[in-house]
>>> print(open('data00.cif').read())   # mmCIF, C-alpha atoms and all ligand atoms
data_target
loop_
_atom_site.label_atom_id
_atom_site.label_comp_id
_atom_site.auth_asym_id
_atom_site.auth_seq_id
_atom_site.Cartn_x
_atom_site.Cartn_y
_atom_site.Cartn_z
CA MET A 1 56.89 2.72 273.85
CA PHE A 2 59.30 2.90 270.92
CA THR A 3 62.99 2.13 271.15
CA THR A 4 65.90 3.44 269.12
CA THR A 5 68.66 1.03 268.23
CA ILE A 6 72.17 2.06 267.23
CA ASP A 7 74.35 0.25 264.67
CA GLU A 8 77.63 1.29 263.10
CA VAL A 9 77.02 0.76 259.37
CA ALA A 10 80.38 2.14 258.20
CA PRO A 11 83.37 3.37 260.21
CA ASP A 12 82.07 6.10 262.55
CA ILE A 13 78.74 6.24 260.71
CA PHE A 14 75.90 5.18 262.98
CA ARG A 15 72.31 4.29 262.16
CA LEU A 16 69.84 5.39 264.83
CA SER A 17 66.71 3.41 264.02
CA THR A 18 63.24 3.72 265.48
CA TYR A 19 60.70 1.19 264.22
CA ILE A 20 57.09 2.35 264.33
CA PRO A 21 54.76 -0.61 263.80
CA ASP A 22 51.56 1.22 262.86
CA VAL A 23 52.87 3.03 259.77
CA GLY A 24 51.74 1.24 256.62
CA PRO A 25 50.84 -2.45 256.45
CA SER A 26 54.12 -3.75 257.91
CA GLY A 27 55.44 -0.85 259.99
CA LEU A 28 58.25 1.48 259.03
CA ALA A 29 61.69 2.19 260.47
CA PHE A 30 62.79 5.81 260.74
CA ASN A 31 66.56 5.96 260.49
CA GLN A 32 68.74 8.93 261.36
CA PHE A 33 72.49 8.79 260.81
CA LEU A 34 75.22 10.27 262.94
CA ILE A 35 78.59 10.82 261.30
CA ARG A 36 81.04 10.96 264.20
CA ASP A 37 83.99 13.22 263.48
CA ALA A 38 85.60 16.46 264.66
CA GLU A 39 82.49 18.26 263.44
CA PRO A 40 79.76 15.64 263.88
CA MET A 41 76.83 15.66 261.46
CA LEU A 42 73.32 14.33 261.99
CA PHE A 43 71.59 13.35 258.76
CA HIS A 44 67.83 13.43 259.42
CA THR A 45 66.53 14.44 262.82
CA GLY A 46 63.32 12.40 262.92
CA MET A 47 59.92 13.78 263.86
CA ARG A 48 59.48 16.19 266.77
CA GLN A 49 57.92 13.45 268.87
CA LEU A 50 60.99 11.26 268.39
CA PHE A 51 63.35 13.95 269.66
CA PRO A 52 63.88 12.48 273.16
CA LEU A 53 64.77 9.08 271.69
CA VAL A 54 66.99 10.37 268.89
CA ALA A 55 68.71 12.91 271.13
CA ASP A 56 69.47 10.16 273.67
CA ALA A 57 70.92 8.01 270.90
CA VAL A 58 73.09 10.89 269.65
CA ALA A 59 74.19 11.65 273.22
CA SER A 60 75.35 8.05 273.64
CA LEU A 61 77.84 8.60 270.79
CA ILE A 62 78.94 12.23 271.20
CA ALA A 63 78.25 15.05 273.61
CA LEU A 64 75.05 16.59 272.29
CA SER A 65 76.65 20.01 272.67
CA ASP A 66 79.36 18.96 270.18
CA LEU A 67 76.90 18.39 267.33
CA ARG A 68 78.03 20.75 264.55
CA TRP A 69 75.94 20.00 261.45
CA ILE A 70 72.31 19.01 260.89
CA SER A 71 71.18 18.03 257.44
CA PHE A 72 68.41 16.03 255.80
CA SER A 73 67.20 15.19 252.36
CA HIS A 74 64.07 17.34 252.23
CA VAL A 75 61.55 19.23 254.29
CA GLU A 76 59.18 16.69 255.82
CA ALA A 77 58.48 15.85 259.46
CA ASP A 78 60.42 12.60 259.51
CA GLU A 79 63.45 14.21 257.87
CA CYS A 80 63.66 17.42 259.89
CA GLY A 81 60.79 17.68 262.37
CA SER A 82 63.04 18.14 265.40
CA MET A 83 65.56 20.43 263.65
CA ASN A 84 64.89 23.30 266.04
CA GLN A 85 64.95 21.07 269.11
CA PHE A 86 68.45 19.98 268.10
CA LEU A 87 69.46 23.58 267.41
CA ALA A 88 68.31 24.45 270.93
CA ALA A 89 70.12 21.49 272.50
CA SER A 90 73.36 21.98 270.56
CA PRO A 91 74.54 25.60 270.59
CA ARG A 92 77.23 25.02 267.91
CA ALA A 93 74.93 23.20 265.55
CA GLN A 94 73.83 24.65 262.25
CA VAL A 95 71.52 23.35 259.57
CA VAL A 96 73.33 22.82 256.26
CA HIS A 97 71.51 22.32 252.98
CA GLY A 98 71.51 23.40 249.35
CA GLY A 99 70.64 26.92 248.30
CA LEU A 100 67.20 25.95 247.08
CA ALA A 101 66.05 24.38 250.36
CA CYS A 102 67.44 27.36 252.29
CA MET A 103 65.71 29.86 250.03
CA VAL A 104 62.37 28.06 249.87
CA SER A 105 62.04 26.87 253.46
CA LEU A 106 64.99 26.80 255.82
CA ASN A 107 65.83 30.51 256.03
CA ASP A 108 62.37 30.82 257.54
CA LEU A 109 61.92 27.51 259.38
CA ALA A 110 65.30 27.11 261.08
CA ASP A 111 65.74 28.98 264.35
CA ARG A 112 69.32 29.88 263.38
CA PRO A 113 70.36 30.80 259.84
CA PRO A 114 71.26 27.71 257.80
CA HIS A 115 74.58 27.29 256.05
CA VAL A 116 74.27 27.03 252.28
CA ILE A 117 76.44 24.29 250.81
CA GLY A 118 77.57 24.51 247.22
CA GLU A 119 79.76 22.24 245.13
CA ASP A 120 82.72 22.17 247.52
CA ALA A 121 82.95 19.23 249.92
CA LEU A 122 82.27 19.90 253.58
CA ASP A 123 85.31 18.79 255.53
CA ILE A 124 84.09 17.63 258.94
CA GLY A 125 87.40 16.24 260.21
CA SER A 126 88.60 12.95 258.80
CA LYS A 127 85.47 12.59 256.69
CA ARG A 128 84.46 14.54 253.62
CA MET A 129 80.79 15.17 252.95
CA ARG A 130 79.64 16.18 249.49
CA PHE A 131 76.15 17.52 248.88
CA LEU A 132 74.25 16.16 245.89
CA PRO A 133 71.25 18.20 244.78
CA THR A 134 68.50 15.76 243.71
CA PRO A 135 65.49 17.98 243.01
CA HIS A 136 62.20 16.02 242.95
CA VAL A 137 64.04 12.73 243.61
CA PRO A 138 62.53 10.72 245.11
CA HIS A 139 60.22 13.59 246.08
CA ASN A 140 60.26 17.29 246.94
CA TRP A 141 61.69 20.14 244.88
CA GLU A 142 64.40 20.96 247.43
CA SER A 143 65.67 17.39 247.84
CA GLY A 144 69.35 16.67 248.18
CA LEU A 145 71.51 13.80 249.42
CA TRP A 146 75.09 13.50 250.67
CA ILE A 147 77.93 11.15 249.98
CA GLU A 148 80.77 10.65 252.46
CA GLU A 149 83.70 10.31 250.13
CA THR A 150 86.29 8.51 252.28
CA THR A 151 83.95 5.57 252.91
CA SER A 152 81.84 5.87 249.71
CA THR A 153 78.70 6.04 251.82
CA LEU A 154 75.65 7.45 250.08
CA PHE A 155 73.06 8.89 252.44
CA ALA A 156 70.18 7.81 250.26
CA GLY A 157 67.26 9.36 252.15
CA ASP A 158 63.93 7.93 251.02
CA LEU A 159 65.39 6.08 248.02
CA PHE A 160 64.80 2.31 248.36
CA THR A 161 62.22 2.85 251.11
CA ALA A 162 61.16 -0.57 252.45
CA GLY A 163 58.54 -1.47 255.04
CA GLY A 164 59.02 -3.76 258.03
CA ASP A 165 61.45 -4.19 260.88
CA LEU A 166 64.53 -5.12 258.86
CA PRO A 167 68.12 -5.82 259.92
CA ALA A 168 70.43 -2.84 260.26
CA VAL A 169 72.63 -3.96 257.39
CA THR A 170 72.17 -6.20 254.37
CA ASP A 171 74.15 -7.20 251.32
CA ASP A 172 71.09 -8.68 249.63
CA ASP A 173 69.00 -7.04 246.91
CA ILE A 174 67.05 -3.99 248.16
CA VAL A 175 65.19 -3.22 244.92
CA GLU A 176 62.37 -5.73 245.28
CA ALA A 177 61.37 -4.52 248.76
CA ALA A 178 61.53 -0.92 247.50
CA LEU A 179 59.11 -1.70 244.66
CA ILE A 180 56.69 -3.36 247.10
CA ALA A 181 56.80 -0.27 249.33
CA GLU A 182 56.35 1.98 246.30
CA ASP A 183 53.11 0.15 245.56
CA VAL A 184 51.96 0.98 249.10
CA PHE A 185 53.15 4.57 249.50
CA HIS A 186 53.50 5.91 245.92
CA SER A 187 56.10 8.30 247.28
CA THR A 188 58.38 8.56 244.25
CA SER A 189 57.88 11.43 241.81
CA MET A 190 57.85 9.73 238.42
CA GLY A 191 59.13 12.83 236.66
CA PRO A 192 61.85 13.58 234.14
CA ASP A 193 64.54 14.08 236.82
CA LEU A 194 64.18 10.58 238.26
CA LEU A 195 66.23 8.39 235.94
CA PRO A 196 69.07 10.84 235.19
CA THR A 197 69.45 11.48 238.92
CA LEU A 198 69.61 7.77 239.75
CA GLU A 199 72.27 7.36 237.06
CA ARG A 200 74.25 10.31 238.45
CA LEU A 201 74.17 8.68 241.91
CA ALA A 202 75.17 5.31 240.41
CA SER A 203 78.18 6.91 238.74
CA LEU A 204 79.53 7.70 242.23
CA GLU A 205 79.71 3.94 242.90
CA PRO A 206 78.71 3.94 246.57
CA THR A 207 79.65 0.83 248.53
CA THR A 208 77.36 1.62 251.47
CA MET A 209 73.91 3.12 251.05
CA ALA A 210 72.36 4.43 254.24
CA LEU A 211 68.57 4.25 253.80
CA MET A 212 66.15 6.29 255.85
CA HIS A 213 63.56 3.49 255.81
CA GLY A 214 65.18 0.09 255.45
CA SER A 215 68.43 -1.76 255.95
CA SER A 216 71.71 -0.08 255.13
CA PHE A 217 73.12 -1.75 252.03
CA HIS A 218 76.68 -2.97 251.62
CA GLY A 219 77.87 -3.89 248.14
CA ASP A 220 77.44 -2.70 244.58
CA GLY A 221 75.36 0.43 245.13
CA ALA A 222 75.61 1.41 241.48
CA GLY A 223 74.06 -1.89 240.45
CA GLN A 224 71.15 -1.44 242.85
CA LEU A 225 70.56 2.16 241.71
CA ARG A 226 70.55 1.10 238.07
CA GLU A 227 68.18 -1.79 238.80
CA LEU A 228 65.85 0.60 240.58
CA ALA A 229 65.98 2.97 237.61
CA ALA A 230 65.25 0.13 235.20
CA ALA A 231 62.28 -0.99 237.29
CA TYR A 232 60.85 2.53 237.37
CA ALA A 233 61.37 2.84 233.62
CA ALA A 234 59.57 -0.46 233.06
CA ARG A 235 56.58 0.51 235.17
CA SER A 236 56.21 4.15 234.18
CA GLY A 237 55.81 3.71 230.45
CA GLY A 238 56.82 7.32 229.79
CA LEU A 239 60.28 7.40 231.37
CA ALA A 240 63.28 6.46 229.27
CA LEU A 241 66.65 5.24 230.51
CA HIS A 242 69.56 7.26 229.15
FE FE B 301 60.29 11.93 252.34
FE FE B 302 61.61 9.69 255.02
#
>>> encode(input="data00.cif", output="C-alpha cells")
Amino acid sequence: MFTTTIDEVAPDIFRLSTYIPDVGPSGLAFNQFLIRDAEPMLFHTGMRQLFPLVADAVASLIALSDLRWISFSHVEADECGSMNQFLAASPRAQVVHGGLACMVSLNDLADRPPHVIGEDALDIGSKRMRFLPTPHVPHNWESGLWIEETTSTLFAGDLFTAGGDLPAVTDDDIVEAALIAEDVFHSTSMGPDLLPTLERLASLEPTTMALMHGSSFHGDGAGQLRELAAAYAARSGGLALH
C-alpha cells in the first residue's frame, strides 16, 4: 500500500516520509523525524494507521526499545496519532511538550505522564534540542516547535506545508509551494501571533528546516521565514509586519 522512505537530512537527523496520494489535489507527504542520539527523539509519530510503517522505519535506525523522547508540534492525528502505540512499544519513551499542551491535552491523552519542557535545552547526547512555544502558529493553541542547536535544524511542523510527492531535500524556494497549499487547505491561523512568531523563528537563523509536509530545506531559513511572513502580511490585509 503505502511506503515509508528514509533520508538523512542533517547529521543523524532522519526524515521518515510516507506519501499518501489521495489527500488534497496532489497528495501529501507525512514526514516524521528521528533524531538519533544517546536519547533518541521522534518528532511527530504519524497517524495511528501509519504506526506499523513508521515503527519499522524507526526500528531500521535504532532499537525501538531505545526510543527515549516523543514530541510533536500540536495535537492532531498526523502529529501524534500513534503516540500511545510508541509508548507501548518503547518502555523508556516519554512524551515531551510544553506546559500548555500537557495541561490542555497530554496529561490526559498520553498513557504515561508527559515530561514538561521549559526554557532549558533538552540534552539528548551530542545534540541539544530547544523547545519553542508557537501558540496558534501555524495552528492550534498548544503548538510548539523545536530547534536542534548543534546543526541549526528547525523542526518546522506544518509551516511551509506543500502538496505533492517532493524530493526529500531542496535548496530552492519553498514559499511559493506553501502559498499554493495554503489556498487549498487554509490551515494557517491568520491571527496576531503569526508574524511575530515567524520573525522569532527567523532570528534563530536555521540552516535546515525539517517540514512535516514537504521537502526539508537547506539554506537561508531566516530568509524563507521572512518571505512567508511578508506573503501572509500581503494577503491578510489586517496583519502588519513588525
Ligand atoms: Fe497540523
Ligand atoms: Fe501536519
>>> atom_distance(input="data00.cif", atom1="CA of Val116 (chain A)", atom2="CA of Phe86 (chain A)")
18.3 Å
>>> residues_near_ligand(input="data00.cif", ligand="ligand FE 301 (chain B)", cutoff="9 Å", atoms="all atoms listed in the file", output="JSON, numbers by chain")
{"A": [73, 74, 75, 76, 77, 78, 79, 138, 139, 140, 143, 157, 158, 159, 187, 188, 212]}
>>> closest_residue(input="data00.cif", among="A:Gly118, A:Thr150, A:Thr5, A:Leu28", to="ligand FE 302 (chain B)", atoms="only C-alpha atoms and all ligand atoms")
A:Leu28
>>> closest_residue(input="data00.cif", among="A:Ile62, A:Val95, A:Leu166, A:Leu122", to="Tyr19 (chain A)", atoms="all atoms listed in the file")
A:Leu166
>>> closest_residue(input="data00.cif", among="A:Glu39, A:Asp111, A:Glu205, A:Glu142", to="Asn84 (chain A)", atoms="only C-alpha atoms")
A:Asp111
>>> residues_around(input="data00.cif", residues="Arg36 (chain A)", least_positions_apart="4", cutoff="8 Å", atoms="all atoms listed in the file", output="VMD selection string")
chain A and resid 12 to 14 40 to 41 61 to 62
>>> write_last_selection(input="data00.cif", atoms="C-alpha atoms", output="PDB file, keeping the file's coordinate frame")
ATOM      1  CA  ASP A  12      82.070   6.100 262.550  1.00  0.00           C
ATOM      2  CA  ILE A  13      78.740   6.240 260.710  1.00  0.00           C
ATOM      3  CA  PHE A  14      75.900   5.180 262.980  1.00  0.00           C
ATOM      4  CA  PRO A  40      79.760  15.640 263.880  1.00  0.00           C
ATOM      5  CA  MET A  41      76.830  15.660 261.460  1.00  0.00           C
ATOM      6  CA  LEU A  61      77.840   8.600 270.790  1.00  0.00           C
ATOM      7  CA  ILE A  62      78.940  12.230 271.200  1.00  0.00           C
TER       8      ILE A  62
END
>>> closest_residue(input="data00.cif", among="A:Ala89, A:Leu195, A:Ile6, A:Cys80", to="Ser105 (chain A)", atoms="all atoms listed in the file")
A:Cys80
>>> residues_around(input="data00.cif", residues="region 20-23 of chain A", least_positions_apart="3", cutoff="9 Å", atoms="all atoms listed in the file", output="PyMOL selection string")
chain A and resi 2+26-30+163-165
>>> write_last_selection(input="data00.cif", atoms="C-alpha atoms", output="short mmCIF file (atom, residue, chain, number, x, y, z; two decimals), keeping the file's coordinate frame")
data_model
loop_
_atom_site.label_atom_id
_atom_site.label_comp_id
_atom_site.auth_asym_id
_atom_site.auth_seq_id
_atom_site.Cartn_x
_atom_site.Cartn_y
_atom_site.Cartn_z
CA PHE A 2 59.30 2.90 270.92
CA SER A 26 54.12 -3.75 257.91
CA GLY A 27 55.44 -0.85 259.99
CA LEU A 28 58.25 1.48 259.03
CA ALA A 29 61.69 2.19 260.47
CA PHE A 30 62.79 5.81 260.74
CA GLY A 163 58.54 -1.47 255.04
CA GLY A 164 59.02 -3.76 258.03
CA ASP A 165 61.45 -4.19 260.88
#
>>> residues_around(input="data00.cif", residues="Asp193 (chain A)", least_positions_apart="4", cutoff="9 Å", atoms="only C-alpha atoms", output="JSON, numbers by chain")
{"A": [134, 135, 136, 137, 189, 197, 198]}
>>> closest_residue(input="data00.cif", among="A:Thr45, A:Gln224, A:Gln94, A:Ser216", to="Ala10 (chain A)", atoms="all atoms listed in the file")
A:Ser216
>>> closest_residue(input="data00.cif", among="A:Ser90, A:Thr161, A:Ser60, A:Ser126", to="ligand FE 302 (chain B)", atoms="all atoms listed in the file")
A:Thr161
>>> atom_distance(input="data00.cif", atom1="CA of Pro192 (chain A)", atom2="CA of Trp141 (chain A)")
12.6 Å
>>> atom_distance(input="data00.cif", atom1="CA of Leu67 (chain A)", atom2="CA of Gly221 (chain A)")
28.6 Å
>>> axis_aligned_box(input="data00.cif", around="region 37-47 of chain A", padding_each_side="4 Å", output="AutoDock Vina command-line options")
--center_x 72.8 --center_y 15.3 --center_z 261.7 --size_x 33.7 --size_y 13.9 --size_z 13.9
>>> residues_around(input="data00.cif", residues="Gly98 (chain A)", least_positions_apart="2", cutoff="7 Å", atoms="all atoms listed in the file", output="PyMOL selection string")
chain A and resi 100-102+116-118+133
>>> residues_around(input="data00.cif", residues="Ser215 (chain A)", least_positions_apart="2", cutoff="8 Å", atoms="only C-alpha atoms", output="VMD selection string")
chain A and resid 166 to 170 210 to 211 213 217
>>> decode(input="data00.cif", residues="region 29-63 of chain A", atoms="N, CA and C atoms", output="CSV table (one decimal), in the first residue's frame")
chain,number,residue,atom,x,y,z
A,29,ALA,N,2.7,14.4,1.6
A,29,ALA,CA,3.6,13.5,2.4
A,29,ALA,C,3.5,13.8,3.9
A,30,PHE,N,3.6,12.8,4.6
A,30,PHE,CA,3.6,12.9,6.1
A,30,PHE,C,4.9,12.5,6.6
A,31,ASN,N,5.7,13.5,7.1
A,31,ASN,CA,7.1,13.3,7.5
A,31,ASN,C,7.3,13.3,9.0
A,32,GLN,N,7.8,12.2,9.5
A,32,GLN,CA,8.3,12.2,10.9
A,32,GLN,C,9.8,12.3,10.9
A,33,PHE,N,10.3,12.7,12.0
A,33,PHE,CA,11.8,12.9,12.0
A,33,PHE,C,12.4,12.2,13.2
A,34,LEU,N,13.4,11.4,13.0
A,34,LEU,CA,14.1,10.7,14.1
A,34,LEU,C,15.4,11.4,14.3
A,35,ILE,N,15.7,11.9,15.5
A,35,ILE,CA,17.0,12.4,15.9
A,35,ILE,C,17.7,11.3,16.6
A,36,ARG,N,18.8,10.8,16.0
A,36,ARG,CA,19.5,9.6,16.5
A,36,ARG,C,20.6,10.1,17.4
A,37,ASP,N,20.5,9.8,18.7
A,37,ASP,CA,21.5,10.2,19.7
A,37,ASP,C,21.4,9.3,20.8
A,38,ALA,N,22.1,9.6,21.9
A,38,ALA,CA,22.1,8.7,23.1
A,38,ALA,C,20.7,8.6,23.6
A,39,GLU,N,19.9,9.6,23.6
A,39,GLU,CA,18.5,9.6,23.9
A,39,GLU,C,17.6,10.0,22.7
A,40,PRO,N,17.4,9.0,21.8
A,40,PRO,CA,16.8,9.3,20.5
A,40,PRO,C,15.4,10.0,20.7
A,41,MET,N,15.1,10.9,19.8
A,41,MET,CA,13.8,11.6,19.8
A,41,MET,C,13.1,11.4,18.5
A,42,LEU,N,11.8,11.1,18.6
A,42,LEU,CA,10.9,11.1,17.4
A,42,LEU,C,10.1,12.3,17.4
A,43,PHE,N,10.2,13.1,16.3
A,43,PHE,CA,9.3,14.3,16.2
A,43,PHE,C,8.3,14.0,15.2
A,44,HIS,N,7.0,14.0,15.7
A,44,HIS,CA,5.8,13.5,15.0
A,44,HIS,C,5.8,12.0,15.0
A,45,THR,N,4.7,11.4,15.3
A,45,THR,CA,4.5,10.0,15.2
A,45,THR,C,3.8,9.5,14.0
A,46,GLY,N,3.1,10.4,13.3
A,46,GLY,CA,2.2,10.0,12.3
A,46,GLY,C,0.9,9.4,12.9
A,47,MET,N,-0.1,9.2,12.0
A,47,MET,CA,-1.4,8.7,12.4
A,47,MET,C,-1.3,7.3,12.9
A,48,ARG,N,-2.4,6.9,13.7
A,48,ARG,CA,-2.4,5.5,14.2
A,48,ARG,C,-2.2,4.5,13.1
A,49,GLN,N,-2.9,4.7,12.0
A,49,GLN,CA,-2.8,3.7,10.9
A,49,GLN,C,-1.4,3.6,10.3
A,50,LEU,N,-0.6,4.6,10.5
A,50,LEU,CA,0.7,4.6,9.9
A,50,LEU,C,1.7,3.9,10.9
A,51,PHE,N,1.3,3.6,12.1
A,51,PHE,CA,2.2,3.1,13.1
A,51,PHE,C,3.1,2.0,12.6
A,52,PRO,N,2.6,0.9,11.9
A,52,PRO,CA,3.5,-0.2,11.5
A,52,PRO,C,4.6,0.3,10.6
A,53,LEU,N,4.3,1.2,9.7
A,53,LEU,CA,5.3,1.7,8.7
A,53,LEU,C,6.3,2.6,9.5
A,54,VAL,N,5.8,3.5,10.3
A,54,VAL,CA,6.7,4.4,10.9
A,54,VAL,C,7.6,3.7,12.0
A,55,ALA,N,7.0,2.8,12.7
A,55,ALA,CA,7.7,2.0,13.7
A,55,ALA,C,8.8,1.2,13.0
A,56,ASP,N,8.5,0.6,11.8
A,56,ASP,CA,9.5,-0.2,11.1
A,56,ASP,C,10.7,0.8,10.7
A,57,ALA,N,10.3,2.0,10.2
A,57,ALA,CA,11.4,2.9,9.8
A,57,ALA,C,12.2,3.3,11.0
A,58,VAL,N,11.6,3.6,12.1
A,58,VAL,CA,12.4,3.9,13.3
A,58,VAL,C,13.3,2.7,13.7
A,59,ALA,N,12.7,1.5,13.6
A,59,ALA,CA,13.5,0.3,14.0
A,59,ALA,C,14.6,0.0,13.1
A,60,SER,N,14.6,0.6,11.9
A,60,SER,CA,15.8,0.4,11.0
A,60,SER,C,16.9,1.3,11.4
A,61,LEU,N,16.7,2.3,12.2
A,61,LEU,CA,17.7,3.2,12.6
A,61,LEU,C,18.2,3.1,14.0
A,62,ILE,N,17.3,2.7,14.9
A,62,ILE,CA,17.6,2.5,16.3
A,62,ILE,C,16.8,1.3,16.8
A,63,ALA,N,17.2,0.7,17.9
A,63,ALA,CA,16.3,-0.3,18.5
A,63,ALA,C,15.1,0.5,19.0
